[in-house]
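Structure below is entry-v5.tsv: TSV, C-alpha atoms and all ligand atoms.
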```tsv
chain	number	residue	atom	x	y	z
L	1	MET	CA	8.50	-16.04	6.07
L	2	ARG	CA	7.28	-13.00	4.15
L	3	LYS	CA	9.37	-9.89	4.74
L	4	ALA	CA	7.05	-7.17	6.03
L	5	LEU	CA	6.68	-3.94	4.10
L	6	ILE	CA	6.10	-0.88	6.26
L	7	ALA	CA	5.05	2.08	4.17
L	8	ALA	CA	4.33	5.76	4.72
L	9	ASN	CA	1.58	7.24	2.57
L	10	TRP	CA	1.92	10.99	2.99
L	11	LYS	CA	-1.09	11.75	0.79
L	12	MET	CA	-1.31	15.51	0.00
L	13	TYR	CA	0.94	16.55	2.88
L	14	LYS	CA	4.49	17.96	3.01
L	15	THR	CA	6.27	20.32	0.63
L	16	PRO	CA	9.60	19.10	-0.80
L	17	ALA	CA	11.42	21.00	2.01
L	18	GLU	CA	9.23	19.36	4.66
L	19	ALA	CA	9.72	15.96	3.06
L	20	LEU	CA	13.50	16.46	3.16
L	21	ALA	CA	13.37	17.48	6.82
L	22	PHE	CA	11.45	14.25	7.55
L	23	VAL	CA	14.07	12.12	5.77
L	24	GLU	CA	16.95	13.80	7.61
L	25	ALA	CA	15.31	13.11	10.96
L	26	PHE	CA	14.02	9.65	10.06
L	27	LEU	CA	17.03	7.91	8.48
L	28	PRO	CA	19.21	7.91	11.65
L	29	LEU	CA	16.28	6.46	13.65
L	30	VAL	CA	16.02	3.38	11.41
L	31	ALA	CA	19.60	3.15	10.14
L	32	SER	CA	20.22	-0.34	11.52
L	33	HIS	CA	16.77	-1.72	10.71
L	34	THR	CA	16.94	-4.63	8.29
L	35	ARG	CA	14.00	-6.78	9.45
L	36	ASP	CA	11.41	-5.01	7.29
L	37	GLU	CA	11.26	-3.20	3.96
L	38	ILE	CA	10.66	0.53	4.51
L	39	VAL	CA	9.05	2.63	1.77
L	40	LEU	CA	8.03	6.30	1.70
L	41	PHE	CA	5.28	7.48	-0.65
L	42	PRO	CA	5.60	11.29	-0.88
L	43	ALA	CA	3.64	13.55	-3.21
L	44	HIS	CA	4.96	13.53	-6.79
L	45	VAL	CA	6.61	16.95	-6.45
L	46	SER	CA	8.76	15.68	-3.55
L	47	LEU	CA	10.08	12.61	-5.37
L	48	PRO	CA	13.13	14.39	-6.89
L	49	THR	CA	14.07	15.61	-3.39
L	50	VAL	CA	13.35	12.47	-1.37
L	51	ILE	CA	14.89	9.89	-3.73
L	52	PRO	CA	18.46	11.31	-3.67
L	53	ALA	CA	18.11	11.95	0.08
L	54	VAL	CA	17.54	8.23	0.85
L	55	LYS	CA	20.23	6.98	-1.55
L	56	ASN	CA	22.47	4.31	0.05
L	57	SER	CA	20.02	3.90	2.94
L	58	ASN	CA	17.61	1.09	3.81
L	59	VAL	CA	14.63	3.21	2.72
L	60	LEU	CA	12.94	3.06	-0.69
L	61	VAL	CA	10.60	5.51	-2.36
L	62	GLY	CA	7.37	5.05	-4.28
L	63	ALA	CA	4.71	7.20	-5.92
L	64	GLN	CA	1.11	7.53	-4.77
L	65	ASN	CA	-0.37	7.24	-8.25
L	66	MET	CA	0.46	7.08	-11.96
L	67	HIS	CA	-1.26	6.84	-15.34
L	68	TRP	CA	-1.36	3.52	-17.21
L	69	GLN	CA	-0.32	4.93	-20.60
L	70	ALA	CA	3.35	5.42	-21.49
L	71	GLU	CA	2.74	9.01	-22.57
L	72	GLY	CA	0.07	11.17	-24.15
L	73	ALA	CA	-2.26	14.12	-23.81
L	74	TYR	CA	-3.29	13.47	-20.18
L	75	THR	CA	-2.94	16.82	-18.45
L	76	GLY	CA	-1.83	16.54	-14.84
L	77	GLU	CA	-0.81	12.88	-15.02
L	78	VAL	CA	2.58	11.14	-14.70
L	79	SER	CA	3.72	7.91	-16.35
L	80	ALA	CA	5.53	4.85	-14.99
L	81	GLY	CA	8.58	5.76	-17.09
L	82	MET	CA	8.71	9.20	-15.51
L	83	LEU	CA	8.66	7.60	-12.06
L	84	THR	CA	11.35	5.01	-12.78
L	85	SER	CA	13.56	7.67	-14.39
L	86	LEU	CA	13.68	9.35	-10.97
L	87	GLY	CA	14.52	6.12	-9.15
L	88	CYS	CA	11.05	5.27	-7.84
L	89	THR	CA	10.73	1.58	-7.00
L	90	HIS	CA	7.12	1.27	-5.78
L	91	VAL	CA	3.71	2.66	-6.68
L	92	LEU	CA	0.36	2.74	-4.88
L	93	ILE	CA	-2.55	1.67	-7.07
L	94	GLY	CA	-6.25	2.16	-6.41
L	95	HIS	CA	-6.05	3.79	-3.00
L	96	SER	CA	-9.59	4.24	-1.67
L	97	GLU	CA	-9.20	8.03	-1.92
L	98	ARG	CA	-8.40	7.63	-5.64
L	99	ARG	CA	-11.43	5.38	-6.03
L	100	GLN	CA	-13.71	7.69	-4.02
L	101	TYR	CA	-12.68	11.16	-5.25
L	102	PHE	CA	-11.15	10.44	-8.66
L	103	CYS	CA	-13.51	7.72	-9.91
L	104	GLU	CA	-10.89	4.97	-10.19
L	105	THR	CA	-12.53	1.68	-11.00
L	106	ASP	CA	-11.29	-1.90	-10.69
L	107	GLU	CA	-10.70	-1.81	-14.46
L	108	ILE	CA	-8.41	1.22	-14.13
L	109	VAL	CA	-6.63	-0.50	-11.25
L	110	ASN	CA	-6.04	-3.49	-13.52
L	111	GLN	CA	-4.59	-1.32	-16.30
L	112	LYS	CA	-2.32	0.54	-13.88
L	113	LEU	CA	-1.21	-2.73	-12.31
L	114	LYS	CA	-0.19	-4.16	-15.70
L	115	THR	CA	1.74	-0.97	-16.49
L	116	ALA	CA	3.51	-0.97	-13.11
L	117	LEU	CA	4.58	-4.61	-13.55
L	118	ALA	CA	5.77	-4.00	-17.12
L	119	ASN	CA	7.92	-1.15	-15.81
L	120	ASP	CA	9.39	-3.09	-12.87
L	121	LEU	CA	7.64	-0.98	-10.27
L	122	VAL	CA	6.48	-2.84	-7.16
L	123	PRO	CA	2.71	-2.24	-7.15
L	124	VAL	CA	0.82	-1.95	-3.87
L	125	VAL	CA	-2.81	-2.47	-4.85
L	126	CYS	CA	-5.25	-1.07	-2.29
L	127	VAL	CA	-8.60	-2.70	-1.56
L	128	GLY	CA	-11.14	-2.38	1.22
L	129	GLU	CA	-14.82	-2.16	2.01
L	130	HIS	CA	-16.89	0.87	3.07
L	131	LEU	CA	-18.71	0.89	6.40
L	132	ASP	CA	-22.14	0.27	4.86
L	133	GLU	CA	-20.74	-2.72	2.97
L	134	ARG	CA	-19.29	-4.19	6.18
L	135	GLU	CA	-22.54	-3.60	8.04
L	136	ALA	CA	-24.45	-5.33	5.24
L	137	ASN	CA	-22.11	-8.35	5.50
L	138	ARG	CA	-20.75	-7.66	2.05
L	139	THR	CA	-17.05	-7.44	2.96
L	140	GLU	CA	-16.13	-10.77	1.38
L	141	GLU	CA	-18.01	-9.99	-1.83
L	142	VAL	CA	-16.37	-6.55	-2.11
L	143	LEU	CA	-12.85	-7.84	-1.48
L	144	ARG	CA	-13.25	-10.75	-3.93
L	145	ARG	CA	-14.56	-8.37	-6.57
L	146	GLN	CA	-11.81	-5.76	-6.09
L	147	VAL	CA	-9.05	-8.39	-6.14
L	148	GLY	CA	-10.76	-10.43	-8.87
L	149	ARG	CA	-11.14	-7.51	-11.27
L	150	GLY	CA	-8.01	-5.68	-10.21
L	151	LEU	CA	-5.71	-8.65	-10.85
L	152	ILE	CA	-7.51	-10.17	-13.83
L	153	ASN	CA	-5.52	-11.33	-16.89
L	154	ILE	CA	-2.18	-11.26	-15.09
L	155	ALA	CA	-0.08	-14.44	-15.04
L	156	PRO	CA	1.76	-15.53	-11.86
L	157	GLU	CA	5.12	-15.13	-13.62
L	158	GLU	CA	4.24	-11.49	-14.44
L	159	ALA	CA	2.74	-10.62	-11.06
L	160	GLY	CA	5.85	-11.48	-9.03
L	161	THR	CA	6.31	-8.38	-6.94
L	162	VAL	CA	2.72	-7.28	-6.37
L	163	ALA	CA	1.60	-6.52	-2.82
L	164	ILE	CA	-1.95	-5.85	-1.69
L	165	ALA	CA	-2.96	-3.39	1.02
L	166	TYR	CA	-6.19	-4.10	2.87
L	167	GLU	CA	-7.52	-0.72	3.92
L	168	PRO	CA	-11.07	-0.80	5.25
L	169	VAL	CA	-12.41	2.65	4.32
L	170	TRP	CA	-14.09	3.06	7.73
L	171	ALA	CA	-10.68	2.79	9.41
L	172	ILE	CA	-8.85	5.36	7.26
L	173	GLY	CA	-8.18	8.61	9.09
L	174	THR	CA	-10.90	7.84	11.63
L	175	GLY	CA	-8.86	6.56	14.56
L	176	ARG	CA	-10.95	3.41	14.31
L	177	THR	CA	-8.60	0.49	13.63
L	178	ALA	CA	-9.62	-2.98	12.56
L	179	THR	CA	-8.75	-5.49	15.29
L	180	PRO	CA	-5.89	-7.79	14.33
L	181	GLU	CA	-8.39	-10.67	14.13
L	182	LEU	CA	-10.76	-8.78	11.85
L	183	ALA	CA	-7.90	-7.67	9.60
L	184	ALA	CA	-6.56	-11.24	9.47
L	185	GLU	CA	-10.01	-12.49	8.44
L	186	ALA	CA	-10.06	-10.03	5.53
L	187	HIS	CA	-6.48	-10.94	4.58
L	188	LEU	CA	-7.47	-14.62	4.41
L	189	ILE	CA	-10.28	-13.76	1.99
L	190	ILE	CA	-7.85	-11.76	-0.17
L	191	ARG	CA	-5.27	-14.55	-0.08
L	192	SER	CA	-7.86	-17.14	-1.02
L	193	GLN	CA	-9.05	-15.03	-3.96
L	194	VAL	CA	-5.44	-14.63	-5.14
L	195	ALA	CA	-4.87	-18.38	-4.74
L	196	GLN	CA	-7.89	-19.05	-6.99
L	197	MET	CA	-6.49	-16.73	-9.63
L	198	LEU	CA	-2.72	-17.17	-9.44
L	199	GLY	CA	-2.27	-20.41	-7.55
L	200	ARG	CA	-1.62	-21.34	-3.94
L	201	GLU	CA	2.15	-21.06	-4.19
L	202	PHE	CA	1.89	-17.47	-5.40
L	203	ALA	CA	-0.69	-16.60	-2.76
L	204	GLU	CA	1.52	-17.94	0.03
L	205	LYS	CA	4.31	-15.56	-0.98
L	206	LEU	CA	2.02	-12.55	-1.49
L	207	ARG	CA	2.45	-9.72	1.00
L	208	ILE	CA	-0.81	-8.31	2.30
L	209	LEU	CA	-0.46	-5.07	4.26
L	210	TYR	CA	-2.98	-3.59	6.64
L	211	GLY	CA	-3.83	0.13	6.53
L	212	GLY	CA	-6.26	2.27	8.51
L	213	SER	CA	-5.35	4.26	11.64
L	214	VAL	CA	-2.12	2.34	12.28
L	215	LYS	CA	-0.29	4.03	15.18
L	216	PRO	CA	2.78	3.20	17.29
L	217	GLU	CA	0.39	1.90	19.98
L	218	ASN	CA	-1.54	-0.59	17.83
L	219	ALA	CA	1.21	-1.55	15.36
L	220	PRO	CA	2.70	-4.43	17.43
L	221	ALA	CA	-0.63	-6.25	17.82
L	222	LEU	CA	-1.42	-5.86	14.12
L	223	LEU	CA	2.04	-6.70	12.79
L	224	ASN	CA	2.47	-9.76	14.98
L	225	GLN	CA	-0.60	-11.30	13.41
L	226	PRO	CA	0.87	-13.89	10.97
L	227	GLU	CA	-1.60	-12.93	8.21
L	228	ILE	CA	-0.51	-9.25	8.29
L	229	ASP	CA	2.66	-8.69	6.26
L	230	GLY	CA	3.15	-5.00	6.81
L	231	ALA	CA	1.39	-1.68	7.24
L	232	LEU	CA	0.39	1.23	5.04
L	233	VAL	CA	0.39	4.21	7.36
L	234	GLY	CA	-1.17	7.60	6.70
L	235	GLY	CA	-1.43	10.16	9.53
L	236	ALA	CA	1.05	8.50	11.91
L	237	SER	CA	3.71	8.38	9.17
L	238	LEU	CA	3.98	12.17	8.91
L	239	ASP	CA	6.14	12.42	12.03
L	240	PRO	CA	9.58	10.76	11.86
L	241	ALA	CA	9.61	9.51	15.47
L	242	SER	CA	6.10	8.12	15.23
L	243	PHE	CA	6.76	6.31	11.93
L	244	ALA	CA	10.11	4.99	13.23
L	245	LYS	CA	8.29	3.53	16.25
L	246	ILE	CA	5.84	1.75	13.94
L	247	VAL	CA	8.72	0.37	11.84
L	248	GLN	CA	10.46	-0.88	14.99
L	249	TYR	CA	7.41	-2.66	16.43
L	250	THR	CA	8.35	-5.34	18.94
L	251	THR	CA	7.74	-8.93	17.99
L	252	PHE	CA	6.06	-11.36	20.37
L	301	LIG	P1	-4.47	6.64	8.19
L	301	LIG	O1	-3.30	5.88	8.74
L	301	LIG	O2	-4.34	8.13	8.35
L	301	LIG	O3	-5.77	6.09	8.70
L	301	LIG	O4	-4.47	6.42	6.60
L	301	LIG	C1	-4.41	5.11	6.11
L	301	LIG	C2	-4.17	5.15	4.65
L	301	LIG	O5	-5.05	5.53	3.88
L	301	LIG	C3	-2.87	4.76	4.14
L	301	LIG	O6	-2.86	4.59	2.77
```
What is this structure when it is put down as structure tokens?
Ligand code: 13P
Amino acid sequence: MRKALIAANWKMYKTPAEALAFVEAFLPLVASHTRDEIVLFPAHVSLPTVIPAVKNSNVLVGAQNMHWQAEGAYTGEVSAGMLTSLGCTHVLIGHSERRQYFCETDEIVNQKLKTALANDLVPVVCVGEHLDEREANRTEEVLRRQVGRGLINIAPEEAGTVAIAYEPVWAIGTGRTATPELAAEAHLIIRSQVAQMLGREFAEKLRILYGGSVKPENAPALLNQPEIDGALVGGASLDPASFAKIVQYTTF
């Protein structure tokens, strides 16, 4: 059994004070929850506030992005070492918004992934097709390419903690969710690509999260699908009660 990872991606929302208010309301709601791994991804500026606030709880904290170099003249960027020095344990890599608005390529994803692994950060690599690609029946080709290039030149013994998030771009922030069956189909493609590259044993242990308009109402159907090993939640993770409901989805 793969332990599910339920993650909140707050994107460019919440000041440090708002992030702290979320944590204070959220922690009591999930205090006894051990079934799943819970991770919050606040904006960089909120990390120094959120990380101490979740100390000794069952909630972990990751960053939404980082640079692949250890340091250097890269104005506006942060390094893996800066994140781990704060107590960050996870990092999102290659979110579709980074790919779309900040020109991140599969090659950059690969460099960031190597850096995250070398720094003992749990990388959550995001992949997913655009609507026109799905409509042109190119979903499999896109997913195999993103996973193939994103994870290239990484050995199974190095890649241990990596997780992949399948986030179809047409489902992000649109209220249009992939059906559990459609998401499972995509997850199988991703798992088969990973098996080709890193072996079947590795692929069987790999956690593949679904993201794209996950809400308290649709979370149970998605998360009970055996191929779906967690959720990466945007909009519905901004409210503590709503995100707690997603975390506490009922199993059937
Ligand atoms: P929404 O849940 O708002 O659709 O966002 C999904 C997402 O991009 C999470 O990374």
So which residues are near ligand LIG 301 (chain L), meaning at most 7 Å away with only C-alpha atoms and all ligand atoms counted, given back as a ChimeraX atom specification? /L:9,95,167,171-175,211-214,232-236
At a cut-off of 10 Å, using all atoms listed in the file, what residues contact Glu140 in chain L? Leave out same-chain residues fewer than 6 positions from it and give the result as a PDB file with C-alpha atoms, in the frame of the given file.
```pdb
ATOM      1  CA  GLY L 128     -11.140  -2.380   1.220  1.00  0.00           C
ATOM      2  CA  GLU L 129     -14.820  -2.160   2.010  1.00  0.00           C
ATOM      3  CA  GLU L 133     -20.740  -2.720   2.970  1.00  0.00           C
ATOM      4  CA  ARG L 134     -19.290  -4.190   6.180  1.00  0.00           C
ATOM      5  CA  GLN L 146     -11.810  -5.760  -6.090  1.00  0.00           C
ATOM      6  CA  GLU L 185     -10.010 -12.490   8.440  1.00  0.00           C
ATOM      7  CA  ALA L 186     -10.060 -10.030   5.530  1.00  0.00           C
ATOM      8  CA  LEU L 188      -7.470 -14.620   4.410  1.00  0.00           C
ATOM      9  CA  ILE L 189     -10.280 -13.760   1.990  1.00  0.00           C
ATOM     10  CA  ILE L 190      -7.850 -11.760  -0.170  1.00  0.00           C
ATOM     11  CA  GLN L 193      -9.050 -15.030  -3.960  1.00  0.00           C
TER      12      GLN L 193
END
```
Report as a list in words all protein, DNA and RNA residues lying within 12 Å of Glu37 in chain L, evaluated on all atoms listed in the file, omitting residues in the same chain fewer than 6 positions from it.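 Residues meeting the cut-off are Arg2, Lys3, Ala4, Leu5, Ile6, Ala7, Ala8, Val30, Ser57, Asn58, Val59, Leu60, Val61, Thr89, His90, Arg207, Leu209, Asp229, Gly230, Ala231, Leu232, Val247 and Gln248 of chain L.
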Can you write just those residues out, C-alpha atoms, as a compact mmCIF listing (two decimals), keeping the file's coordinate frame?
```
# COMPACT_ATOMS: atom_id res chain seq x y z
CA ARG L 2 7.28 -13.00 4.15
CA LYS L 3 9.37 -9.89 4.74
CA ALA L 4 7.05 -7.17 6.03
CA LEU L 5 6.68 -3.94 4.10
CA ILE L 6 6.10 -0.88 6.26
CA ALA L 7 5.05 2.08 4.17
CA ALA L 8 4.33 5.76 4.72
CA VAL L 30 16.02 3.38 11.41
CA SER L 57 20.02 3.90 2.94
CA ASN L 58 17.61 1.09 3.81
CA VAL L 59 14.63 3.21 2.72
CA LEU L 60 12.94 3.06 -0.69
CA VAL L 61 10.60 5.51 -2.36
CA THR L 89 10.73 1.58 -7.00
CA HIS L 90 7.12 1.27 -5.78
CA ARG L 207 2.45 -9.72 1.00
CA LEU L 209 -0.46 -5.07 4.26
CA ASP L 229 2.66 -8.69 6.26
CA GLY L 230 3.15 -5.00 6.81
CA ALA L 231 1.39 -1.68 7.24
CA LEU L 232 0.39 1.23 5.04
CA VAL L 247 8.72 0.37 11.84
CA GLN L 248 10.46 -0.88 14.99
```
Pick from L:Ile246, L:Ala80, L:Leu92, L:Ala155 nearest to Pro42 in chain L, counting all atoms listed in the file: L:Leu92
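Atom pair CA of Gly94 in chain L / CA of Lys215 in chain L has a distance of 22.5 Å (rounded to one decimal).
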When you count all atoms listed in the file, which of these residues is closest to Ala19 in chain L: L:Asn218, L:Leu238, L:Phe252, L:Val127?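 Counting all atoms listed in the file, the residue closest to Ala19 in chain L is L:Leu238.
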Measuring between only C-alpha atoms, which one of L:Leu206, L:Leu83, L:Arg200, L:Thr179 shows the shortest distance to Pro48 in chain L?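 Residue with the minimum atom-to-atom distance to Pro48 in chain L: L:Leu83.
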For Ala244 in chain L, which residue out of L:Met12, L:Ala25, L:Met1, L:Cys88 is the nearest one, using all atoms listed in the file?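 Under the stated criterion, the closest residue is L:Ala25.
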Tell me which of L:Glu71, L:Asn65, L:Thr139, L:Ala116 sits closest to Trp170 in chain L, counting all atoms listed in the file.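 Nearest candidate to Trp170 in chain L out of L:Glu71, L:Asn65, L:Thr139, L:Ala116: L:Thr139.
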How many Å separate CA of Ile208 in chain L from CA of Glu227 in chain L? 7.5 Å
Residues within 10 Å of Glu217 in chain L, all atoms listed in the file, excluding chain neighbours under 6 positions, as a PyMOL selection string: chain L and resi 242+245-246+249
Find the residue from L:His33, L:His187, L:His44, L:Arg98 that sits nearest to Trp10 in chain L; use all atoms listed in the file when measuring.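 Distance minimum relative to Trp10 in chain L lands on L:His44.
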7 Å contact set for Asp106 in chain L, all atoms listed in the file, chain neighbours under 3 positions out, as a ChimeraX atom specification: /L:109-110,146,149-150
I want to know what sits within 12 Å of Thr251 in chain L, based on all atoms listed in the file, with residues of the same chain fewer than 4 positions away left out; could you give that as a list in words?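 Returned residues: Arg35, Asp36, Ala219, Pro220, Ala221, Leu222, Leu223, Asn224, Gln225, Pro226, Ile246 and Val247 of chain L.
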Can you measure CA of Leu121 in chain L to CA of Lys14 in chain L for me? One decimal in Å is fine.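 Value for the CA of Leu121 in chain L-CA of Lys14 in chain L distance: 23.3 Å.
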